[in-house]
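Data first, discussion second: the structure below is written as structure tokens.
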Amino acid sequence: MVIKKVTDAAFKKYGRVIDNIDFSDLLKKLEETPCPDDVVYEPSVEMLESLPVFEEIKSKAYGELPIQIGYCNGHNYKLNALEYHRSSELNVGCTDAILLVGWQPDIAEDGTYDTSLVEAFLLPKGTTVEVYATTLHYAPCSASDGAGFRVGIVLPKDTNLPLDGTHAGGEDSRLTAKNKWLLGHPEGGLPEGSPMGLVGENISLK
């Protein structure tokens with residue numbers, strides 16, 4: 001699979017590099033977060049949200065909307081699923097990482113998405129990107145064999161927290177957490193009952 005860079009023109013469909021905010025203090029704190037053999041995601045982490053840059057991100061990147069800062073860390077080489085939100089997401093690269101992404105309008109009328117449409121982009125260490133709401137994405141992948149990744153995740157407050165109600169039928173059946181619509185792959189190892197939708201190969205970078 002061809003791996004492009006987030007600075008390439010091809011990424012403009014999916015997001016943009018953020019260059020008007022200094023993330024250096026956040027990057028230093030992300031270095032203190034765990035990097036397990038699998039993948040861990042924490043949506044809201046106090047030591048990250050207590051940094052002064054929190055207010056700057058809230059103001060400049062989210063127009064003063066309430067936000068949360070967490071992380072997605074670990075070791076991963078497979079697609080497994082794709083998700084989308086009704087909002088942009090910031091990915092803060094504490095290490096090199098590979099982002100596997102798709103485009104929401106390419107979801108077929110029957111709710112399936114062909115994984116052959118997925119593209120791969122290198123998020124270099126120290127780079128932050130805005131991933132647009134129309135971009136399908138999931139956990140980052142390791143940039144090299146045996147390497148772990150640490151990526152800060154910024155989203156509107158309460159995104160990915162447990163739902164308050166039940167949801168069924170059409171797109172609503174893909175809602176698995178607040179502001180999180182999921183398309184799983186049958187070989188993705190997701191919990192039983194997770195919504196499927198990805199057809200084709202469960203892409204692996206290893």
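Every chain in the structure tokens takes a letter, A first, then B, and so on in the order presented; its residues are numbered from 1, and the ligands are numbered from 1 following the presented order.
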Within 12 Å of range 43-61 of chain A, which residues of range 161-189 of chain A come that close, and what is the closest atom pair and distance in Å for each? Count only C-alpha atoms and give it as JSON lines.
```
{"residue": "A:Leu161", "atom": "CA", "partner": "A:Pro43", "partner_atom": "CA", "distance": 7.7}
{"residue": "A:Pro162", "atom": "CA", "partner": "A:Pro43", "partner_atom": "CA", "distance": 11.2}
{"residue": "A:Ala177", "atom": "CA", "partner": "A:Pro43", "partner_atom": "CA", "distance": 11.6}
{"residue": "A:Lys178", "atom": "CA", "partner": "A:Pro43", "partner_atom": "CA", "distance": 11.4}
```
Next, dump the selected residues to file, keeping only C-alpha atoms, as a JSON list (two decimals), in the first residue's frame.
```json
[["chain", "number", "residue", "atom", "x", "y", "z"],
["A", 161, "LEU", "CA", -18.49, 8.46, 25.83],
["A", 162, "PRO", "CA", -21.28, 5.90, 26.43],
["A", 177, "ALA", "CA", -20.90, 6.01, 21.41],
["A", 178, "LYS", "CA", -21.69, 9.70, 21.60]]
```
List as a Markdown table every residue of range 65-168 of chain A that is in contact with range 19-42 of chain A, defined as an atom at most 8 Å from one of its atoms (using only C-alpha atoms), together with the nearest atom pair and the distance in Å rounded to one decimal, sorted by chain and then rising number.
```
| residue | atom | partner | partner_atom | distance |
| --- | --- | --- | --- | --- |
| A:Gly70 | CA | A:Glu42 | CA | 5.2 |
| A:Tyr71 | CA | A:Glu42 | CA | 5.4 |
| A:Cys72 | CA | A:Tyr41 | CA | 4.4 |
| A:Asn73 | CA | A:Cys35 | CA | 5.2 |
| A:Gly74 | CA | A:Val39 | CA | 4.4 |
| A:His75 | CA | A:Asp38 | CA | 5.3 |
| A:Asn76 | CA | A:Asp38 | CA | 6.7 |
| A:Val92 | CA | A:Leu27 | CA | 7.5 |
| A:Gly93 | CA | A:Leu27 | CA | 7.7 |
| A:Cys94 | CA | A:Leu27 | CA | 5.4 |
| A:Gly126 | CA | A:Leu27 | CA | 7.2 |
| A:Thr128 | CA | A:Asp19 | CA | 7.8 |
| A:Ala139 | CA | A:Val39 | CA | 7.8 |
| A:Gly148 | CA | A:Cys35 | CA | 6.5 |
| A:Phe149 | CA | A:Cys35 | CA | 7.0 |
| A:Arg150 | CA | A:Cys35 | CA | 6.8 |
| A:Val151 | CA | A:Leu30 | CA | 7.7 |
| A:Gly152 | CA | A:Leu30 | CA | 6.8 |
```
Of the residues A:Pro140, A:Pro105, A:Pro186, A:Gly200, which is the one nearest to Leu123 in chain A, using only C-alpha atoms?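 Of A:Pro140, A:Pro105, A:Pro186, A:Gly200, the one nearest Leu123 in chain A, counting only C-alpha atoms, is A:Pro140.
Proximity ranking of A:Ile69, A:Arg174, A:Tyr14, A:Met1 relative to Pro156 in chain A places A:Ile69 first, based on only C-alpha atoms.
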A:Lys125, A:Arg86, A:Arg16, A:Lys157: which is nearest Glu64 in chain A, counting only C-alpha atoms? A:Lys157
Report as a ChimeraX atom specification all protein, DNA and RNA residues lying within 10 Å of Leu100 in chain A, evaluated on only C-alpha atoms, omitting residues in the same chain fewer than 4 positions from it. /A:3,77-79,81-82,118-122,135-141,203,205
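When only C-alpha atoms are used to compute distances to Met196 in chain A, the closest of the residues A:Asp145, A:Leu99, A:Pro66, A:Gly111 turns out to be A:Gly111.
Proximity ranking of A:Ser116, A:Thr95, A:Gln104, A:Thr7 relative to Asn202 in chain A places A:Ser116 first, based on only C-alpha atoms.
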Per DSSP on the backbone, what are the strand (DSSP E or B) residues of range 5-159 of chain A, as a PyMOL selection string? chain A and resi 5+15-17+39-42+67-74+78+81-84+89-93+97-103+113-114+119-123+128-131+135-137+141+149-156
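Each of A:Gly63, A:Gly184, A:Gly189, A:Pro195 was checked against Thr115 in chain A using only C-alpha atoms; the smallest atom-to-atom distance is that of A:Gly184.
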Could you pull out all residues of range 56-181 of chain A with a DSSP call of helix (DSSP H, G or I) and give them as a list in words?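 Result set for range 56-181 of chain A (helix (DSSP H, G or I)): Glu56, Ile57, Lys58, Ser59, Lys60, Ala61, Tyr62, Gln104, Pro105, Asp106, Thr115, Ser116, Leu117, Gly170, Glu171, Asp172, Ser173 and Arg174 of chain A.
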Give me, please, the distance in Å between CA of Gly170 in chain A and CA of Asp110 in chain A, quoted to one decimal.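 It comes out at 9.0 Å.
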